[in-house]
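Report on the following structure.
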Amino acid sequence: MNVIPAVHAEGLVKTFGDFRAVDGIDLHVDQGEIYGVLGPNGAGKTTTLKMLATLLSIDAGTAEIFGVDVRRDPHRTRQLLGVTGQYASVDENLTAMENLWLFGRLQGVASEKARRTAADLLGQFALEEAADKPISQFSGGMRRRLDLAASLITRPPLIFLDEPTTGLDPRTRGQMWDTIRGLVADGCTVLLTTQYLDEADQLADRIAVIDRGRKVAEGTPDELKTSVGNSTLQLQLTSPGDQDDAASVVRRLLGEEPVLSPESGRMNVALEDADRAADVLIGLREAGIGITSVSVDKPTLDEVFLALTGHDTGADNDELELEAAR
Amino acid sequence: MSTTTAPAPTEAHVPEQRRLTPEDVAARTSPRNSVRETVSQTLTMAWRSTKKMRRNPEQFFDVIIQPLLFTAMFTYIFGGAISGDVKSYLPIIIPGILAQTALTACMAMGTQLREDMDKGVFDRFKSLPIARIAPLAGPAVADVIRYVIAATLTILVGLAMGYRPGGGVGGTVAGWALTIVAAWSLAWIFTWLGTIARSAQAVQGISMMIMFPLSFMSNAFVNESTMPDWLQTFVKVNPVSHVVTAVRDLMNDGHLTADVGWALLGCAVVVAIFAPLSVRSYKRHL
Ligand SMILES: Nc1ncnc2c1ncn2[C@@H]1O[C@H](COP(=O)(O)OP(=O)(O)O)[C@@H](O)[C@H]1O
Ligand SMILES: [Mg+2]
């Protein structure tokens, strides 16, 4: 059987004035994959997605969606895509139900069928109770879910998700991840962008790391992590209150600052050498600090990003904001 | 470290039969919107606009207050001076106010559209495989409701003040209908402004600058023969004058005069120019 890639793009370029926001990006997404485009704010993720979705003109390079040339045949391209933008793109004046019905009708779904599909989707996204409420009363998570539901009303084979969980609380983010996995189980291909390294890690089969309009690396999450080498010790403390004591044990033994997540009581320690994990564990026991779980893992994608680009994701934001202000 | 090229994914996430072949893609997609699809999309967009109107009733303020206020105000202010008394001024002023009300009612299109286009939902409209004219023509269709209200109220106020149209019911209805057609046609000028201007305020400002000369430098309130020559020249080419004259002919005499033809032709020309221009500049926004 002749299987075509969901997305195939070569040398995509977008310039705003003389600023090259996207500077020669190649992307290849196979059908059935979740493909993550990972990069800090201002890297060019949204711009890339918009070019592929016919929302921005392509300045140079080629792009095909399921073999359809995006530039030559935007109308066909649009029939194969569902786009969920970075900012909610539903109608504030309509209820959730009316929004879904509108988008269904606009795409030629018969009125009754549009209503049924809308009701199904609202159920699937836990929005049934809010079906007839105005969007202005929706929480951020509900808006995001409605936005995604609106992209699914015609069951497009390819979904673009631009930062689907930015601004969501951890619980809602987890629900969104489950939803995205569900889409792929239903036969969709997903191209998503994210600034969150753990999100790409959790969801994506393959990741492209984008920095300043260029692709700096591509591979599976594991490959990217292996490419950096070292490892990370992850600890779950029995009582989150022990974090400060635990941190000082690590400092004393390794001369390193551990990464703490106060609400969950987790602690990550970067290790030069996996053997040193034992030293930390012994040190913690001597200090009387309990641990519920422990693992030695490859590094997180945060560390990968630093290693790949030589700058961290946070510092880059400020720099780009300065550039944008100029 | 530069680029790690991944090996092709080994795991098939999608069952083979769900994968699209080029034939599936061709079967799922059509090369363009048919006329029927375009009409259906436009009507769906019009439905959206009527929902919006119902939830923001202030969109009806201008078309309700203006006919009530302006008709009474202009008639009592100018009536005595221009026609000797209020009653004999009514056949002149009512068609004039109709045209002016139509113009101000349709002016709101540009501002509304510009505000709407800045909202997130327009990003989605752009990403959908819908005809590019549908998001513009839909609101225009829905806006007819507002023109109907404006025209009807103006005529009712006139009747209440003692206006007795010589053209009878037929002539009055024809004048009413022509007003609505003219409003709908002229609205495309403001739609176009909405697609080219940077902000809703800009649209508002430019619209005012167009609206005032068009409505006052016409024969809507005063017979143009009292004006200086250079002004008369403008008044004569002003499409609003033709609409006003045509409405007067229909309502006061019940005659289908050449001016009715000119007014309709003018409307058609405005739509033929500004509808394609609007679609073109809307597309360029992408
Ligand atoms: N319409 C535009 N005009 C000028 N510059 C833009 C425009 N859109 C995006 N940019 C710039 O292009 C760069 C990439 O933007 P974007 O694709 O939105 O990044 P990301 O989605 O990765 O945060 C940024 O520096 C941004 O300021
Ligand atoms: Mg973005």
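Naming works like this for the structure tokens: A, B, ... for the chains as they're shown, residue 1 at the start of each chain, ligands 1 onward in shown order.
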Could you list the protein, DNA and RNA residues that have any atom within 7 Å of ligand 2, counting only C-alpha atoms and all ligand atoms, and write them as a JSON list (two decimals) with N, CA and C atoms, in the first residue's frame?
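File written: pocket_24.json
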```json
[["chain", "number", "residue", "atom", "x", "y", "z"],
["A", 41, "ASN", "N", 9.93, 30.15, 23.93],
["A", 41, "ASN", "CA", 9.11, 31.23, 23.40],
["A", 41, "ASN", "C", 9.88, 31.99, 22.32],
["A", 42, "GLY", "N", 9.26, 32.20, 21.17],
["A", 42, "GLY", "CA", 9.91, 32.96, 20.12],
["A", 42, "GLY", "C", 10.77, 32.14, 19.18],
["A", 44, "GLY", "N", 9.85, 30.10, 16.89],
["A", 44, "GLY", "CA", 9.30, 29.97, 15.54],
["A", 44, "GLY", "C", 8.32, 28.82, 15.40],
["A", 45, "LYS", "N", 7.85, 28.29, 16.52],
["A", 45, "LYS", "CA", 6.92, 27.15, 16.47],
["A", 45, "LYS", "C", 5.58, 27.53, 15.85],
["A", 46, "THR", "N", 4.98, 28.60, 16.38],
["A", 46, "THR", "CA", 3.68, 29.01, 15.87],
["A", 46, "THR", "C", 3.77, 29.38, 14.39],
["A", 86, "GLN", "N", -2.72, 28.62, 19.59],
["A", 86, "GLN", "CA", -2.15, 28.88, 20.91],
["A", 86, "GLN", "C", -3.16, 29.65, 21.77],
["A", 162, "ASP", "N", -1.14, 23.89, 18.97],
["A", 162, "ASP", "CA", -0.10, 24.86, 19.30],
["A", 162, "ASP", "C", -0.12, 25.10, 20.81],
["A", 163, "GLU", "N", 0.90, 24.62, 21.48],
["A", 163, "GLU", "CA", 1.01, 24.75, 22.94],
["A", 163, "GLU", "C", -0.31, 24.43, 23.64]]
```
request  = Could you give me, as a PyMOL selection string, the residues within 7 Å of stretch 98-113 of chain B, counting only C-alpha atoms and dropping anything in the same chain fewer than 2 positions from it?
outcome  = chain B and resi 62-63+67+94-96+115-117+147+150-151+154+179-180+183-184+186-187+190-191+193-194+200+203-204+207+211+215+240+243-244
query = Quick one: residues within 10 Å of A:Leu281, only C-alpha atoms counted, chain neighbours fewer than 3 positions away excluded, as an MDAnalysis selection string?
reply = chainID A and resid 233 235 249:250 276:278 284:287 289:291 294
Store the residues picked out above in a file with C-alpha atoms, as a compact mmCIF listing (two decimals), in the first residue's frame.
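That gives us selection_10.txt:
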```txt
# COMPACT_ATOMS: atom_id res chain seq x y z
CA LEU A 233 18.83 10.76 40.18
CA LEU A 235 13.95 10.91 44.49
CA VAL A 249 22.95 16.56 52.12
CA VAL A 250 23.26 16.64 48.33
CA ARG A 276 27.37 8.63 42.90
CA ALA A 277 23.67 7.85 43.40
CA ALA A 278 24.64 5.37 46.13
CA LEU A 284 20.06 10.58 53.19
CA ARG A 285 19.65 7.52 55.37
CA GLU A 286 22.31 8.75 57.78
CA ALA A 287 20.41 12.03 58.01
CA ILE A 289 15.36 11.28 55.61
CA GLY A 290 12.83 8.77 54.22
CA ILE A 291 12.43 8.03 50.52
CA VAL A 294 14.16 6.32 43.70
```
request  = Pull out every residue of chain A that has at least one atom within 6 Å of chain B, counting only C-alpha atoms, and report them as a PyMOL selection string.
outcome  = chain A and resi 2-3+32+55-56+75-76+78-79+89-91+93+106+187+216-219
Those residues with N, CA, C and O atoms, as a compact mmCIF listing (two decimals), in the first residue's frame please?
```
# COMPACT_ATOMS: atom_id res chain seq x y z
N ASN A 2 0.43 2.21 -0.75
CA ASN A 2 1.19 3.44 -0.88
C ASN A 2 0.85 4.40 0.25
O ASN A 2 -0.14 5.10 0.22
N VAL A 3 1.68 4.41 1.30
CA VAL A 3 1.38 5.27 2.45
C VAL A 3 2.18 6.56 2.35
O VAL A 3 3.39 6.55 2.15
N GLY A 32 -0.03 8.61 12.11
CA GLY A 32 -0.20 7.89 13.36
C GLY A 32 0.78 8.29 14.45
O GLY A 32 0.71 7.79 15.56
N LEU A 55 -2.23 29.45 7.12
CA LEU A 55 -2.59 30.71 7.77
C LEU A 55 -1.53 31.79 7.55
O LEU A 55 -1.78 32.97 7.80
N LEU A 56 -0.35 31.38 7.12
CA LEU A 56 0.69 32.34 6.76
C LEU A 56 1.28 31.86 5.44
O LEU A 56 1.39 30.65 5.21
N HIS A 75 -6.93 24.98 -0.35
CA HIS A 75 -8.29 24.55 -0.03
C HIS A 75 -8.33 23.06 0.34
O HIS A 75 -8.96 22.66 1.32
N ARG A 76 -7.62 22.23 -0.43
CA ARG A 76 -7.55 20.81 -0.07
C ARG A 76 -6.82 20.62 1.25
O ARG A 76 -7.20 19.79 2.07
N ARG A 78 -6.72 22.52 3.79
CA ARG A 78 -7.58 22.86 4.93
C ARG A 78 -8.58 21.76 5.24
O ARG A 78 -9.06 21.65 6.36
N GLN A 79 -8.91 20.95 4.24
CA GLN A 79 -9.88 19.88 4.48
C GLN A 79 -9.25 18.69 5.21
O GLN A 79 -9.94 17.78 5.63
N SER A 89 -9.68 29.92 19.92
CA SER A 89 -10.31 30.43 18.71
C SER A 89 -11.72 29.88 18.59
O SER A 89 -12.05 29.17 17.66
N VAL A 90 -12.51 30.21 19.60
CA VAL A 90 -13.93 29.90 19.56
C VAL A 90 -14.67 31.23 19.73
O VAL A 90 -14.07 32.23 20.10
N ASP A 91 -15.96 31.19 19.43
CA ASP A 91 -16.72 32.44 19.42
C ASP A 91 -17.28 32.74 20.80
O ASP A 91 -18.09 32.00 21.33
N ASN A 93 -19.37 34.86 21.67
CA ASN A 93 -20.78 35.21 21.72
C ASN A 93 -21.71 34.01 21.68
O ASN A 93 -22.91 34.15 21.84
N LEU A 106 -20.38 24.88 8.91
CA LEU A 106 -19.52 25.57 7.95
C LEU A 106 -18.76 24.59 7.08
O LEU A 106 -18.39 24.89 5.95
N GLY A 187 -6.76 7.09 15.52
CA GLY A 187 -6.29 7.10 14.15
C GLY A 187 -5.80 8.43 13.65
O GLY A 187 -5.46 8.57 12.48
N VAL A 216 17.49 22.27 15.70
CA VAL A 216 18.82 21.95 16.21
C VAL A 216 18.99 20.47 16.50
O VAL A 216 20.11 19.99 16.64
N ALA A 217 17.89 19.72 16.60
CA ALA A 217 18.01 18.29 16.82
C ALA A 217 16.68 17.62 16.54
O ALA A 217 15.63 18.27 16.56
N GLU A 218 16.73 16.34 16.26
CA GLU A 218 15.51 15.59 16.05
C GLU A 218 15.75 14.16 16.47
O GLU A 218 16.84 13.62 16.28
N GLY A 219 14.74 13.56 17.06
CA GLY A 219 14.86 12.15 17.43
C GLY A 219 13.78 11.76 18.40
O GLY A 219 12.89 12.55 18.71
```
inquiry  = Report, in Å to a single decimal, how far apart atom CA of A:Thr15 and atom 7 (C, counted along the ligand's line) of ligand 1 are.
reply    = 8.6 Å
task = Could you tell me, counting only C-alpha atoms and all ligand atoms, which protein and nucleic acid residues lie no more than 10 Å from ligand 1, written as a ChimeraX atom specification?
result = /A:14-22,37-51,56,86,162-163,193-195,210-213,317,319-325
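The residue set within 8 Å of stretch 162-165 of chain B, counting only C-alpha atoms and dropping same-chain residues fewer than 5 places from it, reads Lys87, Leu90, Pro91, Gly171, Thr172, Met251, Asn252 and Asp253 of chain B.
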Picked from stretch 44-245 of chain B by DSSP as alpha helix (DSSP H), as number ranges by chain = B: 44-55, 61-83, 86-117, 120-127, 134-160, 168-196, 200-216, 229-237, 239-245
inquiry  = as a ChimeraX atom specification, please: the residues near B:Ala268 (cut-off 10 Å, only C-alpha atoms, same-chain neighbours under 3 positions excluded).
reply    = /B:181-182,185-186,262-265,271-273
Got time to write the residues from that selection, N, CA and C atoms, as an mmCIF file, in the first residue's frame?
```cif
data_model
loop_
_atom_site.group_PDB
_atom_site.id
_atom_site.type_symbol
_atom_site.label_atom_id
_atom_site.label_comp_id
_atom_site.auth_asym_id
_atom_site.auth_seq_id
_atom_site.Cartn_x
_atom_site.Cartn_y
_atom_site.Cartn_z
ATOM 1 N N VAL B 181 -32.197 47.915 0.028
ATOM 2 C CA VAL B 181 -31.235 47.470 -0.986
ATOM 3 C C VAL B 181 -30.021 48.403 -1.002
ATOM 4 N N ALA B 182 -30.300 49.711 -0.924
ATOM 5 C CA ALA B 182 -29.200 50.681 -0.962
ATOM 6 C C ALA B 182 -28.299 50.504 0.256
ATOM 7 N N SER B 185 -26.129 47.475 -0.149
ATOM 8 C CA SER B 185 -25.074 47.654 -1.154
ATOM 9 C C SER B 185 -23.957 48.538 -0.622
ATOM 10 N N LEU B 186 -24.358 49.689 -0.025
ATOM 11 C CA LEU B 186 -23.349 50.613 0.478
ATOM 12 C C LEU B 186 -22.543 49.989 1.615
ATOM 13 N N TRP B 262 -31.168 54.392 -12.021
ATOM 14 C CA TRP B 262 -29.810 54.833 -11.687
ATOM 15 C C TRP B 262 -29.419 54.391 -10.276
ATOM 16 N N ALA B 263 -30.345 54.518 -9.354
ATOM 17 C CA ALA B 263 -30.054 54.141 -7.968
ATOM 18 C C ALA B 263 -29.716 52.658 -7.892
ATOM 19 N N LEU B 264 -30.532 51.839 -8.559
ATOM 20 C CA LEU B 264 -30.281 50.395 -8.518
ATOM 21 C C LEU B 264 -28.964 50.051 -9.200
ATOM 22 N N LEU B 265 -28.713 50.712 -10.345
ATOM 23 C CA LEU B 265 -27.463 50.450 -11.052
ATOM 24 C C LEU B 265 -26.275 50.844 -10.172
ATOM 25 N N VAL B 271 -21.545 47.149 -5.203
ATOM 26 C CA VAL B 271 -21.328 45.759 -4.776
ATOM 27 C C VAL B 271 -20.291 45.091 -5.663
ATOM 28 N N ALA B 272 -20.416 45.329 -6.978
ATOM 29 C CA ALA B 272 -19.502 44.671 -7.917
ATOM 30 C C ALA B 272 -18.063 45.101 -7.689
ATOM 31 N N ILE B 273 -17.861 46.326 -7.207
ATOM 32 C CA ILE B 273 -16.494 46.787 -6.955
ATOM 33 C C ILE B 273 -16.019 46.360 -5.571
#
```
request  = Mind checking which residues fall within 8 Å of B:Thr245, counting only C-alpha atoms, ignoring those fewer than 2 positions away in the same chain, and posting them as a ChimeraX atom specification?
outcome  = /B:95,219,241-243,247-249,259-260
request  = Record the distance separating atom CA of A:Asp297 and atom CA of A:Ser239, expressed in Å with one decimal.
outcome  =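 We find that atom CA of A:Asp297 and atom CA of A:Ser239 lie 22.0 Å from each other.
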All residues 7 Å or closer to A:Arg266, only C-alpha atoms, same chain fewer than 6 positions away omitted, as number ranges by chain = A: 235-237, 260
Selected residues written out with N, CA and C atoms, as a CSV table (one decimal), in the first residue's frame:
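Wrote it out as selection_5.csv, contents follow:
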```csv
chain,number,residue,atom,x,y,z
A,235,LEU,N,14.3,11.4,43.2
A,235,LEU,CA,13.9,10.9,44.5
A,235,LEU,C,12.6,11.4,44.8
A,236,GLN,N,11.8,10.6,45.5
A,236,GLN,CA,10.5,11.0,46.0
A,236,GLN,C,10.7,10.9,47.5
A,237,LEU,N,10.6,12.1,48.2
A,237,LEU,CA,10.8,12.1,49.7
A,237,LEU,C,9.5,11.7,50.3
A,260,LEU,N,14.3,21.0,43.0
A,260,LEU,CA,13.2,20.6,43.9
A,260,LEU,C,11.9,20.9,43.3
```
query = To one decimal place, how far is atom CA of A:Gly108 from atom CA of A:Tyr87 in Å?
reply =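 Spanning atom CA of A:Gly108 to atom CA of A:Tyr87 is a straight-line distance of 25.1 Å.
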